Structures are given as C-alpha cells and as structure tokens.
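Next comes coords_21.cif, with mmCIF, N, CA and C atoms.
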data_model
loop_
_atom_site.label_atom_id
_atom_site.label_comp_id
_atom_site.auth_asym_id
_atom_site.auth_seq_id
_atom_site.Cartn_x
_atom_site.Cartn_y
_atom_site.Cartn_z
N MET W 1 295.09 -73.99 -107.96
CA MET W 1 293.94 -73.33 -108.55
C MET W 1 294.11 -71.81 -108.41
N ALA W 2 293.87 -71.11 -109.47
CA ALA W 2 294.01 -69.65 -109.47
C ALA W 2 292.88 -69.00 -108.67
N HIS W 3 293.20 -67.90 -108.06
CA HIS W 3 292.20 -67.17 -107.28
C HIS W 3 291.18 -66.53 -108.23
N ASP W 4 289.92 -66.57 -107.84
CA ASP W 4 288.83 -66.02 -108.65
C ASP W 4 288.51 -64.60 -108.17
N PHE W 5 289.17 -63.62 -108.78
CA PHE W 5 288.96 -62.23 -108.39
C PHE W 5 287.56 -61.75 -108.75
N ASP W 6 286.99 -62.27 -109.83
CA ASP W 6 285.62 -61.88 -110.19
C ASP W 6 284.63 -62.31 -109.11
N LYS W 7 284.81 -63.52 -108.61
CA LYS W 7 283.94 -64.01 -107.53
C LYS W 7 284.14 -63.17 -106.28
N GLN W 8 285.38 -62.86 -105.94
CA GLN W 8 285.66 -62.06 -104.76
C GLN W 8 285.00 -60.68 -104.90
N TYR W 9 285.09 -60.08 -106.07
CA TYR W 9 284.47 -58.78 -106.31
C TYR W 9 282.96 -58.87 -106.13
N ARG W 10 282.34 -59.89 -106.71
CA ARG W 10 280.88 -60.07 -106.57
C ARG W 10 280.50 -60.25 -105.10
N GLU W 11 281.30 -60.97 -104.34
CA GLU W 11 281.02 -61.15 -102.91
C GLU W 11 281.13 -59.82 -102.18
N THR W 12 282.10 -59.01 -102.54
CA THR W 12 282.26 -57.70 -101.91
C THR W 12 281.06 -56.82 -102.22
N VAL W 13 280.60 -56.83 -103.47
CA VAL W 13 279.40 -56.07 -103.85
C VAL W 13 278.21 -56.56 -103.03
N TRP W 14 278.06 -57.88 -102.92
CA TRP W 14 276.93 -58.44 -102.17
C TRP W 14 276.97 -58.00 -100.72
N VAL W 15 278.13 -58.08 -100.09
CA VAL W 15 278.25 -57.70 -98.67
C VAL W 15 277.88 -56.23 -98.49
N LEU W 16 278.41 -55.37 -99.34
CA LEU W 16 278.11 -53.94 -99.22
C LEU W 16 276.63 -53.68 -99.43
N ASP W 17 276.02 -54.31 -100.43
CA ASP W 17 274.58 -54.15 -100.67
C ASP W 17 273.76 -54.68 -99.50
N ASP W 18 274.18 -55.82 -98.95
CA ASP W 18 273.46 -56.41 -97.82
C ASP W 18 273.52 -55.48 -96.61
N LEU W 19 274.70 -54.94 -96.32
CA LEU W 19 274.82 -54.01 -95.20
C LEU W 19 273.95 -52.77 -95.42
N ALA W 20 273.96 -52.25 -96.64
CA ALA W 20 273.18 -51.05 -96.96
C ALA W 20 271.68 -51.31 -96.86
N SER W 21 271.26 -52.54 -97.09
CA SER W 21 269.83 -52.87 -96.98
C SER W 21 269.35 -52.95 -95.54
N LYS W 22 270.30 -53.07 -94.61
CA LYS W 22 269.96 -53.24 -93.20
C LYS W 22 270.08 -51.96 -92.39
N ARG W 23 270.88 -51.00 -92.90
CA ARG W 23 271.06 -49.74 -92.17
C ARG W 23 271.66 -48.70 -93.09
N ASP W 24 271.53 -47.47 -92.70
CA ASP W 24 272.17 -46.40 -93.45
C ASP W 24 273.67 -46.48 -93.20
N LEU W 25 274.41 -46.41 -94.27
CA LEU W 25 275.86 -46.48 -94.15
C LEU W 25 276.45 -45.08 -94.22
N PRO W 26 277.52 -44.86 -93.48
CA PRO W 26 278.17 -43.54 -93.55
C PRO W 26 278.86 -43.38 -94.91
N ALA W 27 279.16 -42.17 -95.27
CA ALA W 27 279.87 -41.92 -96.53
C ALA W 27 281.32 -42.35 -96.43
N ILE W 28 281.88 -42.22 -95.23
CA ILE W 28 283.28 -42.57 -94.97
C ILE W 28 283.33 -43.40 -93.70
N ALA W 29 284.15 -44.44 -93.71
CA ALA W 29 284.26 -45.30 -92.53
C ALA W 29 285.66 -45.89 -92.45
N ASP W 30 285.96 -46.44 -91.30
CA ASP W 30 287.20 -47.18 -91.08
C ASP W 30 286.91 -48.66 -91.33
N PHE W 31 287.80 -49.31 -92.04
CA PHE W 31 287.60 -50.71 -92.43
C PHE W 31 288.70 -51.58 -91.85
N ASP W 32 288.37 -52.84 -91.66
CA ASP W 32 289.34 -53.88 -91.32
C ASP W 32 289.25 -54.95 -92.41
N PHE W 33 290.36 -55.26 -93.04
CA PHE W 33 290.45 -56.33 -94.02
C PHE W 33 291.20 -57.48 -93.36
N HIS W 34 290.74 -58.71 -93.60
CA HIS W 34 291.34 -59.88 -92.95
C HIS W 34 291.78 -60.90 -94.00
N PHE W 35 292.92 -61.52 -93.72
CA PHE W 35 293.47 -62.56 -94.58
C PHE W 35 293.89 -63.72 -93.70
N SER W 36 293.46 -64.92 -94.06
CA SER W 36 293.77 -66.10 -93.25
C SER W 36 294.82 -66.96 -93.94
N THR W 37 295.51 -67.75 -93.13
CA THR W 37 296.54 -68.65 -93.63
C THR W 37 295.89 -69.66 -94.58
N ALA W 38 296.45 -69.76 -95.78
CA ALA W 38 295.89 -70.67 -96.78
C ALA W 38 296.71 -71.95 -96.91
N VAL W 39 298.00 -71.86 -96.60
CA VAL W 39 298.88 -73.03 -96.74
C VAL W 39 299.83 -73.09 -95.54
N ALA W 40 300.32 -74.29 -95.27
CA ALA W 40 301.23 -74.48 -94.14
C ALA W 40 302.54 -73.70 -94.32
N THR W 41 302.89 -73.42 -95.56
CA THR W 41 304.13 -72.71 -95.84
C THR W 41 303.94 -71.19 -95.95
N ALA W 42 302.84 -70.69 -95.43
CA ALA W 42 302.57 -69.25 -95.48
C ALA W 42 303.72 -68.47 -94.84
N GLN W 43 303.98 -67.30 -95.39
CA GLN W 43 305.09 -66.46 -94.92
C GLN W 43 304.53 -65.15 -94.36
N PRO W 44 304.09 -65.16 -93.11
CA PRO W 44 303.43 -63.97 -92.56
C PRO W 44 304.31 -62.73 -92.51
N LEU W 45 305.57 -62.87 -92.12
CA LEU W 45 306.42 -61.68 -92.02
C LEU W 45 306.68 -61.07 -93.39
N ALA W 46 306.88 -61.92 -94.40
CA ALA W 46 307.08 -61.41 -95.75
C ALA W 46 305.81 -60.74 -96.28
N ALA W 47 304.66 -61.33 -95.98
CA ALA W 47 303.39 -60.75 -96.43
C ALA W 47 303.16 -59.39 -95.79
N VAL W 48 303.36 -59.31 -94.49
CA VAL W 48 303.17 -58.04 -93.78
C VAL W 48 304.16 -57.00 -94.31
N SER W 49 305.39 -57.40 -94.51
CA SER W 49 306.39 -56.48 -95.04
C SER W 49 306.00 -55.97 -96.43
N ALA W 50 305.54 -56.86 -97.28
CA ALA W 50 305.12 -56.46 -98.63
C ALA W 50 303.92 -55.52 -98.57
N LEU W 51 302.96 -55.81 -97.71
CA LEU W 51 301.80 -54.93 -97.54
C LEU W 51 302.25 -53.55 -97.05
N GLN W 52 303.13 -53.55 -96.07
CA GLN W 52 303.60 -52.27 -95.52
C GLN W 52 304.38 -51.48 -96.57
N SER W 53 305.13 -52.16 -97.41
CA SER W 53 305.89 -51.45 -98.43
C SER W 53 304.97 -50.80 -99.47
N GLU W 54 303.74 -51.28 -99.55
CA GLU W 54 302.75 -50.67 -100.44
C GLU W 54 301.87 -49.66 -99.71
N GLY W 55 302.21 -49.37 -98.45
CA GLY W 55 301.50 -48.33 -97.71
C GLY W 55 300.36 -48.80 -96.83
N PHE W 56 300.20 -50.11 -96.70
CA PHE W 56 299.13 -50.65 -95.85
C PHE W 56 299.66 -50.89 -94.44
N ALA W 57 298.86 -50.60 -93.45
CA ALA W 57 299.24 -50.76 -92.04
C ALA W 57 298.90 -52.18 -91.58
N ALA W 58 299.58 -53.16 -92.12
CA ALA W 58 299.27 -54.56 -91.86
C ALA W 58 299.92 -55.06 -90.58
N ALA W 59 299.27 -56.05 -89.97
CA ALA W 59 299.81 -56.70 -88.77
C ALA W 59 299.43 -58.18 -88.83
N TYR W 60 300.30 -59.01 -88.24
CA TYR W 60 300.06 -60.45 -88.19
C TYR W 60 299.72 -60.83 -86.76
N ASP W 61 298.67 -61.64 -86.60
CA ASP W 61 298.28 -62.16 -85.30
C ASP W 61 298.71 -63.62 -85.24
N ALA W 62 299.77 -63.90 -84.50
CA ALA W 62 300.32 -65.26 -84.43
C ALA W 62 299.34 -66.25 -83.81
N GLU W 63 298.49 -65.78 -82.92
CA GLU W 63 297.52 -66.67 -82.27
C GLU W 63 296.47 -67.18 -83.26
N THR W 64 295.91 -66.29 -84.06
CA THR W 64 294.88 -66.69 -85.03
C THR W 64 295.49 -67.05 -86.37
N ARG W 65 296.77 -66.68 -86.59
CA ARG W 65 297.47 -66.90 -87.84
C ARG W 65 296.83 -66.12 -88.99
N ASP W 66 296.30 -64.94 -88.68
CA ASP W 66 295.66 -64.07 -89.65
C ASP W 66 296.42 -62.77 -89.80
N ILE W 67 296.24 -62.16 -90.96
CA ILE W 67 296.76 -60.82 -91.19
C ILE W 67 295.57 -59.87 -91.16
N TRP W 68 295.76 -58.76 -90.48
CA TRP W 68 294.74 -57.74 -90.33
C TRP W 68 295.28 -56.45 -90.94
N VAL W 69 294.45 -55.80 -91.77
CA VAL W 69 294.87 -54.56 -92.42
C VAL W 69 293.78 -53.51 -92.21
N PRO W 70 294.02 -52.55 -91.32
CA PRO W 70 293.05 -51.47 -91.15
C PRO W 70 293.24 -50.41 -92.23
N VAL W 71 292.15 -49.86 -92.69
CA VAL W 71 292.19 -48.73 -93.62
C VAL W 71 291.23 -47.68 -93.07
N TYR W 72 291.76 -46.52 -92.79
CA TYR W 72 290.99 -45.48 -92.14
C TYR W 72 290.44 -44.47 -93.15
N ALA W 73 289.26 -43.97 -92.84
CA ALA W 73 288.61 -42.92 -93.62
C ALA W 73 288.49 -43.28 -95.10
N LEU W 74 287.93 -44.45 -95.35
CA LEU W 74 287.73 -44.94 -96.71
C LEU W 74 286.29 -44.64 -97.13
N MET W 75 286.13 -44.17 -98.37
CA MET W 75 284.78 -43.97 -98.91
C MET W 75 284.04 -45.31 -98.88
N VAL W 76 282.79 -45.28 -98.50
CA VAL W 76 281.99 -46.50 -98.42
C VAL W 76 281.29 -46.69 -99.77
N ASP W 77 282.06 -47.14 -100.73
CA ASP W 77 281.51 -47.53 -102.03
C ASP W 77 282.39 -48.62 -102.61
N ILE W 78 281.84 -49.37 -103.54
CA ILE W 78 282.53 -50.54 -104.05
C ILE W 78 283.85 -50.21 -104.70
N ALA W 79 283.92 -49.11 -105.44
CA ALA W 79 285.17 -48.77 -106.13
C ALA W 79 286.29 -48.50 -105.13
N ALA W 80 286.00 -47.76 -104.09
CA ALA W 80 287.02 -47.45 -103.08
C ALA W 80 287.45 -48.70 -102.32
N ILE W 81 286.50 -49.52 -101.96
CA ILE W 81 286.83 -50.75 -101.23
C ILE W 81 287.70 -51.65 -102.12
N TRP W 82 287.30 -51.84 -103.37
CA TRP W 82 288.02 -52.74 -104.26
C TRP W 82 289.42 -52.22 -104.59
N ARG W 83 289.58 -50.89 -104.64
CA ARG W 83 290.92 -50.32 -104.89
C ARG W 83 291.90 -50.72 -103.80
N HIS W 84 291.40 -51.06 -102.62
CA HIS W 84 292.27 -51.52 -101.53
C HIS W 84 292.28 -53.05 -101.45
N GLU W 85 291.11 -53.64 -101.55
CA GLU W 85 290.99 -55.08 -101.35
C GLU W 85 291.76 -55.88 -102.40
N LYS W 86 291.70 -55.50 -103.66
CA LYS W 86 292.35 -56.29 -104.70
C LYS W 86 293.87 -56.30 -104.56
N PRO W 87 294.54 -55.15 -104.43
CA PRO W 87 296.00 -55.23 -104.28
C PRO W 87 296.44 -55.93 -103.00
N MET W 88 295.69 -55.75 -101.92
CA MET W 88 296.02 -56.48 -100.69
C MET W 88 295.94 -57.99 -100.94
N THR W 89 294.88 -58.40 -101.62
CA THR W 89 294.69 -59.82 -101.91
C THR W 89 295.82 -60.35 -102.78
N GLU W 90 296.20 -59.60 -103.82
CA GLU W 90 297.29 -60.04 -104.69
C GLU W 90 298.57 -60.26 -103.90
N ILE W 91 298.87 -59.36 -102.99
CA ILE W 91 300.06 -59.50 -102.16
C ILE W 91 299.94 -60.72 -101.25
N CYS W 92 298.83 -60.82 -100.55
CA CYS W 92 298.67 -61.91 -99.59
C CYS W 92 298.70 -63.28 -100.26
N LEU W 93 298.11 -63.39 -101.43
CA LEU W 93 298.13 -64.68 -102.14
C LEU W 93 299.55 -65.13 -102.43
N ARG W 94 300.43 -64.20 -102.75
CA ARG W 94 301.82 -64.55 -103.06
C ARG W 94 302.53 -65.18 -101.85
N TYR W 95 302.04 -64.89 -100.65
CA TYR W 95 302.72 -65.36 -99.44
C TYR W 95 301.89 -66.39 -98.66
N GLY W 96 300.89 -66.97 -99.30
CA GLY W 96 300.16 -68.07 -98.68
C GLY W 96 298.97 -67.67 -97.82
N PHE W 97 298.41 -66.50 -98.08
CA PHE W 97 297.22 -66.05 -97.34
C PHE W 97 296.08 -65.81 -98.31
N GLN W 98 294.87 -66.03 -97.84
CA GLN W 98 293.68 -65.82 -98.67
C GLN W 98 292.77 -64.79 -98.02
N PRO W 99 291.97 -64.10 -98.83
CA PRO W 99 291.07 -63.11 -98.25
C PRO W 99 290.04 -63.79 -97.35
N ASP W 100 289.77 -63.15 -96.23
CA ASP W 100 288.83 -63.71 -95.26
C ASP W 100 287.81 -62.65 -94.84
N GLY W 101 287.56 -61.70 -95.73
CA GLY W 101 286.50 -60.74 -95.49
C GLY W 101 286.98 -59.39 -95.00
N TRP W 102 286.03 -58.49 -94.87
CA TRP W 102 286.29 -57.15 -94.38
C TRP W 102 285.05 -56.69 -93.64
N GLY W 103 285.22 -55.65 -92.88
CA GLY W 103 284.09 -55.06 -92.16
C GLY W 103 284.47 -53.68 -91.67
N PHE W 104 283.52 -53.04 -91.06
CA PHE W 104 283.78 -51.73 -90.47
C PHE W 104 284.46 -51.95 -89.13
N SER W 105 285.48 -51.18 -88.86
CA SER W 105 286.13 -51.30 -87.57
C SER W 105 285.26 -50.63 -86.51
N ASP W 106 285.48 -50.98 -85.26
CA ASP W 106 284.69 -50.42 -84.16
C ASP W 106 284.79 -48.92 -84.10
N ALA W 107 285.89 -48.36 -84.56
CA ALA W 107 286.08 -46.91 -84.53
C ALA W 107 285.19 -46.19 -85.54
N SER W 108 284.55 -46.92 -86.44
CA SER W 108 283.73 -46.27 -87.47
C SER W 108 282.54 -45.52 -86.90
N ALA W 109 282.13 -45.83 -85.69
CA ALA W 109 280.99 -45.12 -85.10
C ALA W 109 281.22 -43.62 -85.08
N VAL W 110 282.48 -43.20 -84.97
CA VAL W 110 282.75 -41.78 -84.95
C VAL W 110 282.41 -41.13 -86.28
N ASN W 111 282.37 -41.91 -87.34
CA ASN W 111 282.07 -41.36 -88.67
C ASN W 111 280.58 -41.15 -88.89
N LEU W 112 279.76 -41.63 -87.97
CA LEU W 112 278.32 -41.49 -88.12
C LEU W 112 277.83 -40.13 -87.67
N VAL W 113 278.68 -39.39 -87.00
CA VAL W 113 278.28 -38.07 -86.49
C VAL W 113 278.29 -37.05 -87.60
#
What's the structure tokens form of this structure?
Amino acid sequence: MAHDFDKQYRETVWVLDDLASKRDLPAIADFDFHFSTAVATAQPLAAVSALQSEGFAAAYDAETRDIWVPVYALMVDIAAIWRHEKPMTEICLRYGFQPDGWGFSDASAVNLV
C-alpha cells in the first residue's frame, strides 16, 4: 500500500494547531522527527546514510529500532516543518521505516527566551 502523504500532512497540521491551542509557540524551535521500523527487512544503516547524505543529522537507536532526526532552529510553521518531514519520510520509506511523529526537542526551551 502506498504511503498517504496527504494524510500525513493533515496530521502534521493538526498537531501543530493542537499545540498552538494549548500554549504560545516560539517562532523558532529545535525539532525531533522519529521513524519506526515498518518491516522486518528494514535497512537502518542505509536509511541513516541516505538521510545524512541529504544533510540530515540522523541516528539509529538499535534498542528501540527507531531512527531519530534532530533539526535545529527550524521555523515553527507548517511549511518549514513539511519541507523537512516530507523528504525525510520519502527516504525512510525506501528503507523500511515509517513516520512516527515529531515534537520539540528538550533543548527548545532556550528558544523561548
């Protein structure tokens, strides 16, 4: 089954709107994007390598079998988030990983000042 990027985009919009309804969001923040193993034949090293070759600081956690991609100093708006989330997802899908959400990293508190 093909990945539904329209649904993923709508979910990203919903998450950002939901967060904004609960608190004031900074203009710029640090983000963590997560991708989980989708198939037994997932290729974590190839996925991380492909992400890194596109400029993303990706890492694989063998214990959780997830890929984590931090993005620092990103504008907190849907266009900026999607400009990162979509290409990361395209890469991860090729290697057996699926998007598993994103959030503000703990370091984002420094951006509230």
With all atoms listed in the file as the counted atoms, please give the residues lying no more than 8 Å from stretch 15-24 of chain W, apart from itself and same-chain residues fewer than 4 positions off, as a list in words.
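My reading of the contact set: Tyr9, Arg10, Glu11, Val76, Asp77 and Ile78 of chain W.
Relative to atom CA of W:Ala38, atom CA of W:Glu54 is found at 21.5 Å.
Here the selection is built from all atoms listed in the file, and the residues within 8 Å of (298.4, -50.2, -88.6) turn out to be Phe56, Ala57, Ala58, Ala59, Trp68, Val69, Pro70 and Val71 of chain W.
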Rounded to one decimal in Å, what is the spacing between atom CA of W:Trp14 and atom CA of W:Pro44?
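Distance between the two atoms: 28.7 Å.
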As a check of understanding, name the residues that the PyMOL selection byres ((chain W and resi 41) around 6) selects in the supplied structure, as a list in words.
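So the PyMOL selection byres ((chain W and resi 41) around 6) ends up selecting Val39, Ala40, Ala42, Gln43, Tyr95 and Gly96 of chain W.
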With 8 Å on each side, where is the centre of the axis-aligned box around all listed atoms of stretch 81-92 of chain W, and how long are its edges in Å to one decimal, as JSON?
{"center_x": 293.3, "center_y": -56.4, "center_z": -102.2, "size_x": 29.6, "size_y": 29.8, "size_z": 21.3}
